[in-house]
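Trainee: The following file, model19.pdb, comprises PDB, C-alpha atoms:
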ATOM      1  CA  MET A   1     -36.252 -19.433  -1.767
ATOM      2  CA  THR A   2     -34.458 -20.123  -5.059
ATOM      3  CA  ARG A   3     -33.829 -17.211  -7.338
ATOM      4  CA  ALA A   4     -33.803 -17.655 -11.114
ATOM      5  CA  VAL A   5     -30.734 -16.363 -12.963
ATOM      6  CA  PRO A   6     -31.385 -14.738 -16.336
ATOM      7  CA  LEU A   7     -30.114 -16.921 -19.202
ATOM      8  CA  LYS A   8     -27.666 -14.277 -20.435
ATOM      9  CA  HIS A   9     -25.951 -14.273 -17.000
ATOM     10  CA  ALA A  10     -26.001 -18.068 -16.758
ATOM     11  CA  LEU A  11     -23.932 -18.303 -19.941
ATOM     12  CA  VAL A  12     -21.300 -15.812 -18.791
ATOM     13  CA  LEU A  13     -19.818 -17.870 -15.942
ATOM     14  CA  PRO A  14     -19.143 -21.034 -18.009
ATOM     15  CA  SER A  15     -17.664 -18.882 -20.768
ATOM     16  CA  LEU A  16     -15.360 -17.130 -18.318
ATOM     17  CA  LEU A  17     -14.307 -20.442 -16.792
ATOM     18  CA  ALA A  18     -13.508 -21.845 -20.246
ATOM     19  CA  LEU A  19     -11.475 -18.749 -21.116
ATOM     20  CA  VAL A  20      -9.481 -18.979 -17.868
ATOM     21  CA  SER A  21      -8.794 -22.678 -18.382
ATOM     22  CA  LEU A  22      -7.671 -22.126 -21.990
ATOM     23  CA  SER A  23      -5.336 -19.317 -21.012
ATOM     24  CA  ALA A  24      -3.826 -21.634 -18.396
ATOM     25  CA  CYS A  25      -2.972 -24.065 -21.204
ATOM     26  CA  ASP A  26      -0.585 -21.742 -23.029
ATOM     27  CA  SER A  27       2.139 -24.176 -24.131
ATOM     28  CA  SER A  28       4.918 -21.681 -23.463
ATOM     29  CA  ASP A  29       4.128 -21.794 -19.737
ATOM     30  CA  ASP A  30       3.372 -25.507 -19.419
ATOM     31  CA  PRO A  31       5.763 -27.374 -17.174
ATOM     32  CA  GLU A  32       7.273 -30.595 -18.413
ATOM     33  CA  PRO A  33       5.032 -33.623 -17.859
ATOM     34  CA  ARG A  34       5.443 -35.303 -14.493
ATOM     35  CA  GLY A  35       8.850 -36.964 -14.222
ATOM     36  CA  CYS A  36      10.268 -35.277 -17.344
ATOM     37  CA  GLU A  37      12.148 -32.412 -15.719
ATOM     38  CA  GLN A  38      15.531 -34.116 -16.233
ATOM     39  CA  TYR A  39      15.066 -34.446 -20.008
ATOM     40  CA  SER A  40      15.677 -31.649 -22.456
ATOM     41  CA  PHE A  41      14.566 -31.660 -26.084
ATOM     42  CA  PRO A  42      15.326 -28.122 -27.241
ATOM     43  CA  LEU A  43      13.981 -26.913 -30.542
ATOM     44  CA  SER A  44      16.524 -26.957 -33.354
ATOM     45  CA  ALA A  45      17.039 -23.795 -35.388
ATOM     46  CA  GLN A  46      14.133 -22.715 -37.561
ATOM     47  CA  THR A  47      14.804 -23.471 -41.231
ATOM     48  CA  SER A  48      12.852 -23.285 -44.444
ATOM     49  CA  SER A  49      10.372 -26.121 -44.679
ATOM     50  CA  GLY A  50       9.224 -25.953 -48.269
ATOM     51  CA  HIS A  51       8.502 -28.860 -50.569
ATOM     52  CA  LEU A  52      11.224 -29.989 -52.948
ATOM     53  CA  ALA A  53      10.597 -30.874 -56.578
ATOM     54  CA  VAL A  54      12.793 -33.979 -56.277
ATOM     55  CA  CYS A  55      12.659 -36.238 -53.237
ATOM     56  CA  ASP A  56      16.258 -37.427 -53.403
ATOM     57  CA  SER A  57      17.645 -33.897 -53.274
ATOM     58  CA  PRO A  58      20.850 -33.392 -51.269
ATOM     59  CA  VAL A  59      19.276 -30.274 -49.720
ATOM     60  CA  CYS A  60      16.629 -32.321 -47.937
ATOM     61  CA  GLY A  61      16.378 -31.645 -44.206
ATOM     62  CA  ASN A  62      17.887 -29.037 -41.932
ATOM     63  CA  GLY A  63      21.491 -30.289 -41.926
ATOM     64  CA  GLU A  64      21.168 -32.205 -38.654
ATOM     65  CA  ASN A  65      21.820 -35.932 -38.549
ATOM     66  CA  PRO A  66      19.126 -37.178 -38.590
ATOM     67  CA  PRO A  67      17.149 -34.193 -39.886
ATOM     68  CA  ASN A  68      14.140 -33.117 -37.832
ATOM     69  CA  SER A  69      12.849 -30.310 -40.080
ATOM     70  CA  GLY A  70      13.738 -28.421 -43.240
ATOM     71  CA  PRO A  71      12.989 -28.803 -46.965
ATOM     72  CA  HIS A  72      11.308 -32.120 -47.802
ATOM     73  CA  CYS A  73       9.230 -34.118 -50.314
ATOM     74  CA  GLY A  74       5.687 -33.179 -51.114
ATOM     75  CA  ASN A  75       4.588 -36.692 -50.029
ATOM     76  CA  VAL A  76       4.733 -38.372 -46.629
ATOM     77  CA  ALA A  77       5.882 -41.883 -45.800
ATOM     78  CA  ARG A  78       3.214 -44.364 -44.777
ATOM     79  CA  CYS A  79       3.155 -44.849 -41.029
ATOM     80  CA  GLY A  80       4.113 -48.245 -39.680
ATOM     81  CA  ILE A  81       7.174 -50.389 -39.097
ATOM     82  CA  TYR A  82       9.786 -50.752 -41.824
ATOM     83  CA  SER A  83      12.676 -53.195 -42.023
ATOM     84  CA  GLU A  84      14.418 -50.954 -44.561
ATOM     85  CA  PRO A  85      15.387 -47.266 -44.517
ATOM     86  CA  VAL A  86      12.770 -44.643 -45.345
ATOM     87  CA  SER A  87      13.792 -41.606 -47.371
ATOM     88  CA  ARG A  88      14.723 -38.736 -45.082
ATOM     89  CA  CYS A  89      12.929 -36.370 -47.447
ATOM     90  CA  LEU A  90       9.723 -38.348 -46.910
ATOM     91  CA  TYR A  91       9.863 -38.680 -43.132
ATOM     92  CA  VAL A  92      10.695 -34.984 -42.641
ATOM     93  CA  HIS A  93       7.273 -34.295 -44.182
ATOM     94  CA  ASN A  94       5.780 -36.720 -41.648
ATOM     95  CA  LEU A  95       7.383 -34.649 -38.898
ATOM     96  CA  GLU A  96       5.832 -31.490 -40.345
ATOM     97  CA  HIS A  97       2.419 -33.164 -39.894
ATOM     98  CA  GLY A  98       3.133 -33.918 -36.238
ATOM     99  CA  HIS A  99       3.994 -37.578 -36.732
ATOM    100  CA  ALA A 100       6.687 -39.228 -34.602
ATOM    101  CA  VAL A 101       9.625 -40.908 -36.339
ATOM    102  CA  PHE A 102      11.720 -43.587 -34.618
ATOM    103  CA  LEU A 103      14.996 -44.640 -36.248
ATOM    104  CA  TYR A 104      17.738 -47.144 -35.611
ATOM    105  CA  ASN A 105      21.204 -47.819 -36.986
ATOM    106  CA  CYS A 106      22.374 -51.239 -35.853
ATOM    107  CA  PRO A 107      24.498 -52.976 -38.515
ATOM    108  CA  ASP A 108      24.918 -56.000 -36.211
ATOM    109  CA  GLY A 109      21.269 -55.959 -35.132
ATOM    110  CA  CYS A 110      19.658 -54.599 -31.971
ATOM    111  CA  PRO A 111      16.286 -56.332 -31.576
ATOM    112  CA  ASP A 112      15.833 -55.143 -27.977
ATOM    113  CA  GLU A 113      16.312 -51.497 -28.967
ATOM    114  CA  VAL A 114      14.025 -51.846 -31.987
ATOM    115  CA  ALA A 115      11.367 -53.433 -29.753
ATOM    116  CA  LYS A 116      11.539 -50.402 -27.429
ATOM    117  CA  LEU A 117      11.163 -48.040 -30.397
ATOM    118  CA  GLU A 118       8.206 -50.079 -31.665
ATOM    119  CA  ALA A 119       6.612 -49.932 -28.198
ATOM    120  CA  ALA A 120       7.000 -46.152 -28.176
ATOM    121  CA  ALA A 121       5.447 -45.966 -31.660
ATOM    122  CA  ALA A 122       2.525 -48.077 -30.407
ATOM    123  CA  SER A 123       1.888 -45.447 -27.708
ATOM    124  CA  VAL A 124       1.444 -42.617 -30.224
ATOM    125  CA  PRO A 125      -2.135 -41.454 -30.840
ATOM    126  CA  THR A 126      -3.982 -42.543 -33.944
ATOM    127  CA  GLY A 127      -5.135 -40.136 -36.597
ATOM    128  CA  ALA A 128      -8.692 -39.697 -37.829
ATOM    129  CA  ASN A 129      -8.207 -42.751 -40.061
ATOM    130  CA  GLY A 130      -7.243 -45.034 -37.136
ATOM    131  CA  VAL A 131      -3.549 -45.279 -38.128
ATOM    132  CA  ARG A 132      -0.927 -44.581 -35.464
ATOM    133  CA  ARG A 133       0.864 -41.336 -36.321
ATOM    134  CA  ALA A 134       4.378 -42.812 -36.202
ATOM    135  CA  LEU A 135       6.879 -44.794 -38.194
ATOM    136  CA  VAL A 136       9.873 -46.935 -37.237
ATOM    137  CA  ALA A 137      12.688 -47.518 -39.733
ATOM    138  CA  GLN A 138      16.395 -48.064 -40.190
ATOM    139  CA  ASP A 139      18.654 -45.103 -40.896
ATOM    140  CA  PRO A 140      22.217 -46.236 -41.669
ATOM    141  CA  GLN A 141      23.429 -42.621 -41.825
ATOM    142  CA  MET A 142      22.828 -41.851 -38.130
ATOM    143  CA  PRO A 143      25.829 -41.287 -35.859
ATOM    144  CA  GLN A 144      24.215 -43.236 -32.972
ATOM    145  CA  ARG A 145      22.101 -46.363 -32.710
ATOM    146  CA  VAL A 146      18.640 -44.936 -31.971
ATOM    147  CA  ALA A 147      16.704 -41.736 -32.494
ATOM    148  CA  ALA A 148      13.210 -40.407 -31.916
ATOM    149  CA  LEU A 149      12.141 -37.320 -33.820
ATOM    150  CA  LEU A 150       9.388 -34.754 -33.688
ATOM    151  CA  TRP A 151       9.372 -31.544 -35.719
ATOM    152  CA  ARG A 152      12.540 -29.662 -34.616
ATOM    153  CA  ARG A 153      13.127 -31.998 -31.623
ATOM    154  CA  THR A 154      15.476 -35.003 -31.446
ATOM    155  CA  TYR A 155      16.324 -37.743 -28.995
ATOM    156  CA  LEU A 156      19.592 -39.419 -30.105
ATOM    157  CA  ALA A 157      21.325 -42.157 -28.092
ATOM    158  CA  ASP A 158      22.980 -45.555 -28.221
ATOM    159  CA  THR A 159      20.254 -47.192 -26.124
ATOM    160  CA  VAL A 160      16.567 -46.412 -25.794
ATOM    161  CA  ASP A 161      15.384 -44.794 -22.582
ATOM    162  CA  PRO A 162      11.608 -45.437 -22.633
ATOM    163  CA  GLU A 163      11.026 -42.663 -20.097
ATOM    164  CA  ALA A 164      12.862 -40.160 -22.311
ATOM    165  CA  LEU A 165      10.716 -41.210 -25.263
ATOM    166  CA  ARG A 166       7.557 -40.739 -23.190
ATOM    167  CA  CYS A 167       8.727 -37.231 -22.295
ATOM    168  CA  LEU A 168       9.631 -36.390 -25.889
ATOM    169  CA  LEU A 169       6.247 -37.595 -27.125
ATOM    170  CA  ALA A 170       4.546 -35.172 -24.732
ATOM    171  CA  HIS A 171       5.663 -32.527 -27.272
ATOM    172  CA  GLN A 172       4.070 -34.261 -30.265
ATOM    173  CA  ASP A 173       2.173 -31.716 -32.394
ATOM    174  CA  SER A 174       3.213 -28.788 -30.189
ATOM    175  CA  ASP A 175       5.665 -27.306 -32.706
ATOM    176  CA  ALA A 176       4.701 -28.953 -35.990
ATOM    177  CA  PRO A 177       3.595 -26.506 -38.709
ATOM    178  CA  GLU A 178       0.704 -28.824 -39.723
ATOM    179  CA  PRO A 179      -0.113 -30.662 -36.483
ATOM    180  CA  GLY A 180      -2.582 -33.474 -36.013
ATOM    181  CA  LEU A 181      -2.803 -34.698 -39.580
ATOM    182  CA  ALA A 182      -3.603 -38.358 -40.161
ATOM    183  CA  CYS A 183      -0.909 -40.605 -41.572
ATOM    184  CA  PRO A 184      -1.492 -43.072 -44.412
ATOM    185  CA  GLY A 185      -1.161 -46.642 -43.165
ATOM    186  CA  PRO A 186       0.962 -49.490 -44.427
TER
END
Show this structure as structure tokens.
Mentor:
Amino acid sequence: MTRAVPLKHALVLPSLLALVSLSACDSSDDPEPRGCEQYSFPLSAQTSSGHLAVCDSPVCGNGENPPNSGPHCGNVARCGIYSEPVSRCLYVHNLEHGHAVFLYNCPDGCPDEVAKLEAAAASVPTGANGVRRALVAQDPQMPQRVAALLWRRTYLADTVDPEALRCLLAHQDSDAPEPGLACPGP
């Protein structure tokens, strides 16, 4: 014989299961994604992240090279692939929105490395407007050839390790003050 469960009791179990599953997703306890244990992308120091009145201000960014947080422009850079540098003050605002920024500094050219950065950018989720939430650009001020940035996290190297980029991107939006915002397209 089947026994009917009152509706108020039937709703309790799914609610409890949802609560347990959400509490298991606390980002502070999440292990690194599978295969990422050997990579470390520690958070840089917390700095002010206000908007600057002038976008070419020397106080843009958090003092790291390249900057991954800090004071920045009130506008964001359009997401996409650039053949020229993008203002650091612009792309720091992109980072605040949870966008990924991929940079290269190759005065003699490095098409293979740029192709790997572009492939990583193509793996980034799209925003509500269908535009991938990433940009790729030159940065002639960097001390190394390639970088991948998220808010307060940096991968900096002379060659791209696609696995390291995959592991870094697992942190996209996790620390950004305004995560998940769409990025204007090219």
Trainee: Could you write out as a PDB file with C-alpha atoms, keeping the file's coordinate frame the residues that the PyMOL selection byres ((chain A and resi 173-186) around 8) matches in the shown file?
Mentor:
ATOM      1  CA  SER A  27       2.139 -24.176 -24.131  1.00  0.00           C
ATOM      2  CA  VAL A  76       4.733 -38.372 -46.629  1.00  0.00           C
ATOM      3  CA  ALA A  77       5.882 -41.883 -45.800  1.00  0.00           C
ATOM      4  CA  ARG A  78       3.214 -44.364 -44.777  1.00  0.00           C
ATOM      5  CA  CYS A  79       3.155 -44.849 -41.029  1.00  0.00           C
ATOM      6  CA  GLY A  80       4.113 -48.245 -39.680  1.00  0.00           C
ATOM      7  CA  ASN A  94       5.780 -36.720 -41.648  1.00  0.00           C
ATOM      8  CA  LEU A  95       7.383 -34.649 -38.898  1.00  0.00           C
ATOM      9  CA  GLU A  96       5.832 -31.490 -40.345  1.00  0.00           C
ATOM     10  CA  HIS A  97       2.419 -33.164 -39.894  1.00  0.00           C
ATOM     11  CA  GLY A  98       3.133 -33.918 -36.238  1.00  0.00           C
ATOM     12  CA  HIS A  99       3.994 -37.578 -36.732  1.00  0.00           C
ATOM     13  CA  THR A 126      -3.982 -42.543 -33.944  1.00  0.00           C
ATOM     14  CA  GLY A 127      -5.135 -40.136 -36.597  1.00  0.00           C
ATOM     15  CA  ALA A 128      -8.692 -39.697 -37.829  1.00  0.00           C
ATOM     16  CA  ASN A 129      -8.207 -42.751 -40.061  1.00  0.00           C
ATOM     17  CA  VAL A 131      -3.549 -45.279 -38.128  1.00  0.00           C
ATOM     18  CA  ARG A 132      -0.927 -44.581 -35.464  1.00  0.00           C
ATOM     19  CA  ARG A 133       0.864 -41.336 -36.321  1.00  0.00           C
ATOM     20  CA  ALA A 134       4.378 -42.812 -36.202  1.00  0.00           C
ATOM     21  CA  LEU A 150       9.388 -34.754 -33.688  1.00  0.00           C
ATOM     22  CA  TRP A 151       9.372 -31.544 -35.719  1.00  0.00           C
ATOM     23  CA  ARG A 152      12.540 -29.662 -34.616  1.00  0.00           C
ATOM     24  CA  HIS A 171       5.663 -32.527 -27.272  1.00  0.00           C
ATOM     25  CA  GLN A 172       4.070 -34.261 -30.265  1.00  0.00           C
TER      26      GLN A 172
END
Trainee: Since I can't run it myself right now, could you work out what the PyMOL selection byres ((chain A and resi 83-89) around 9) selects here and report it as a list in words?
Mentor: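 Taken on the displayed file, the PyMOL selection byres ((chain A and resi 83-89) around 9) yields the residues Leu52, Cys55, Asp56, Ser57, Cys60, Gly61, Pro66, Pro67, Pro71, His72, Cys73, Gly74, Asn75, Val76, Ala77, Ile81, Tyr82, Leu90, Tyr91, Val92, His93, Leu103, Val136, Ala137, Gln138, Asp139 and Pro140 of chain A.
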Trainee: Those same residues - C-alpha atoms - I'd like them written as a PDB file, keeping the file's coordinate frame.
Mentor:
ATOM      1  CA  LEU A  52      11.224 -29.989 -52.948  1.00  0.00           C
ATOM      2  CA  CYS A  55      12.659 -36.238 -53.237  1.00  0.00           C
ATOM      3  CA  ASP A  56      16.258 -37.427 -53.403  1.00  0.00           C
ATOM      4  CA  SER A  57      17.645 -33.897 -53.274  1.00  0.00           C
ATOM      5  CA  CYS A  60      16.629 -32.321 -47.937  1.00  0.00           C
ATOM      6  CA  GLY A  61      16.378 -31.645 -44.206  1.00  0.00           C
ATOM      7  CA  PRO A  66      19.126 -37.178 -38.590  1.00  0.00           C
ATOM      8  CA  PRO A  67      17.149 -34.193 -39.886  1.00  0.00           C
ATOM      9  CA  PRO A  71      12.989 -28.803 -46.965  1.00  0.00           C
ATOM     10  CA  HIS A  72      11.308 -32.120 -47.802  1.00  0.00           C
ATOM     11  CA  CYS A  73       9.230 -34.118 -50.314  1.00  0.00           C
ATOM     12  CA  GLY A  74       5.687 -33.179 -51.114  1.00  0.00           C
ATOM     13  CA  ASN A  75       4.588 -36.692 -50.029  1.00  0.00           C
ATOM     14  CA  VAL A  76       4.733 -38.372 -46.629  1.00  0.00           C
ATOM     15  CA  ALA A  77       5.882 -41.883 -45.800  1.00  0.00           C
ATOM     16  CA  ILE A  81       7.174 -50.389 -39.097  1.00  0.00           C
ATOM     17  CA  TYR A  82       9.786 -50.752 -41.824  1.00  0.00           C
ATOM     18  CA  LEU A  90       9.723 -38.348 -46.910  1.00  0.00           C
ATOM     19  CA  TYR A  91       9.863 -38.680 -43.132  1.00  0.00           C
ATOM     20  CA  VAL A  92      10.695 -34.984 -42.641  1.00  0.00           C
ATOM     21  CA  HIS A  93       7.273 -34.295 -44.182  1.00  0.00           C
ATOM     22  CA  LEU A 103      14.996 -44.640 -36.248  1.00  0.00           C
ATOM     23  CA  VAL A 136       9.873 -46.935 -37.237  1.00  0.00           C
ATOM     24  CA  ALA A 137      12.688 -47.518 -39.733  1.00  0.00           C
ATOM     25  CA  GLN A 138      16.395 -48.064 -40.190  1.00  0.00           C
ATOM     26  CA  ASP A 139      18.654 -45.103 -40.896  1.00  0.00           C
ATOM     27  CA  PRO A 140      22.217 -46.236 -41.669  1.00  0.00           C
TER      28      PRO A 140
END
Trainee: Would you kindly translate the PyMOL selection byres ((chain A and resi 65) around 8) into the concrete residues it picks from this file, as a list in words?
Mentor: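 That selection, the PyMOL selection byres ((chain A and resi 65) around 8), comes back as Gly63, Glu64, Pro66, Pro67, Gln141, Met142 and Pro143 of chain A.
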Trainee: Check the smallest atom-to-atom distance from each of A:Val59, A:Leu43, A:Leu168, A:Ala53 to Phe102 (chain A) using all atoms listed in the file, then report the winner.
Mentor: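 Counting all atoms listed in the file, the residue closest to Phe102 (chain A) is A:Leu168.
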Trainee: Ranking A:Ser69, A:Gly130, A:Ala100, A:Glu118 by minimum distance to Leu169 (chain A) and counting only C-alpha atoms, which one comes first?
Mentor: A:Ala100
Trainee: Rounded to one decimal in Å, what is the spacing between CA of Ala119 (chain A) and CA of Pro162 (chain A)?
Mentor: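 Distance reported for this atom pair: 8.7 Å.
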Trainee: Provide the CA of Leu165 (chain A) to CA of Pro58 (chain A) distance in Å, to one decimal place.
Mentor: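 Answer for the CA of Leu165 (chain A) to CA of Pro58 (chain A) separation: 29.0 Å.
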Trainee: Restricting the calculation to all atoms listed in the file, which member of A:Cys36, A:Gly70, A:Leu156, A:Cys106 is positioned closest to Gly50 (chain A)?
Mentor: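 With all atoms listed in the file as the atom set, the closest residue is A:Gly70.
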Trainee: Go through A:Ala121, A:Thr159, A:Cys167, A:Leu149 and flag the residue nearest Ser44 (chain A), using all atoms listed in the file for the distances.
Mentor: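 With all atoms listed in the file as the atom set, the closest residue is A:Leu149.
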Trainee: One decimal, Å: what's the distance from CA of Arg153 (chain A) over to CA of Arg34 (chain A), could you say?
Mentor: 19.1 Å
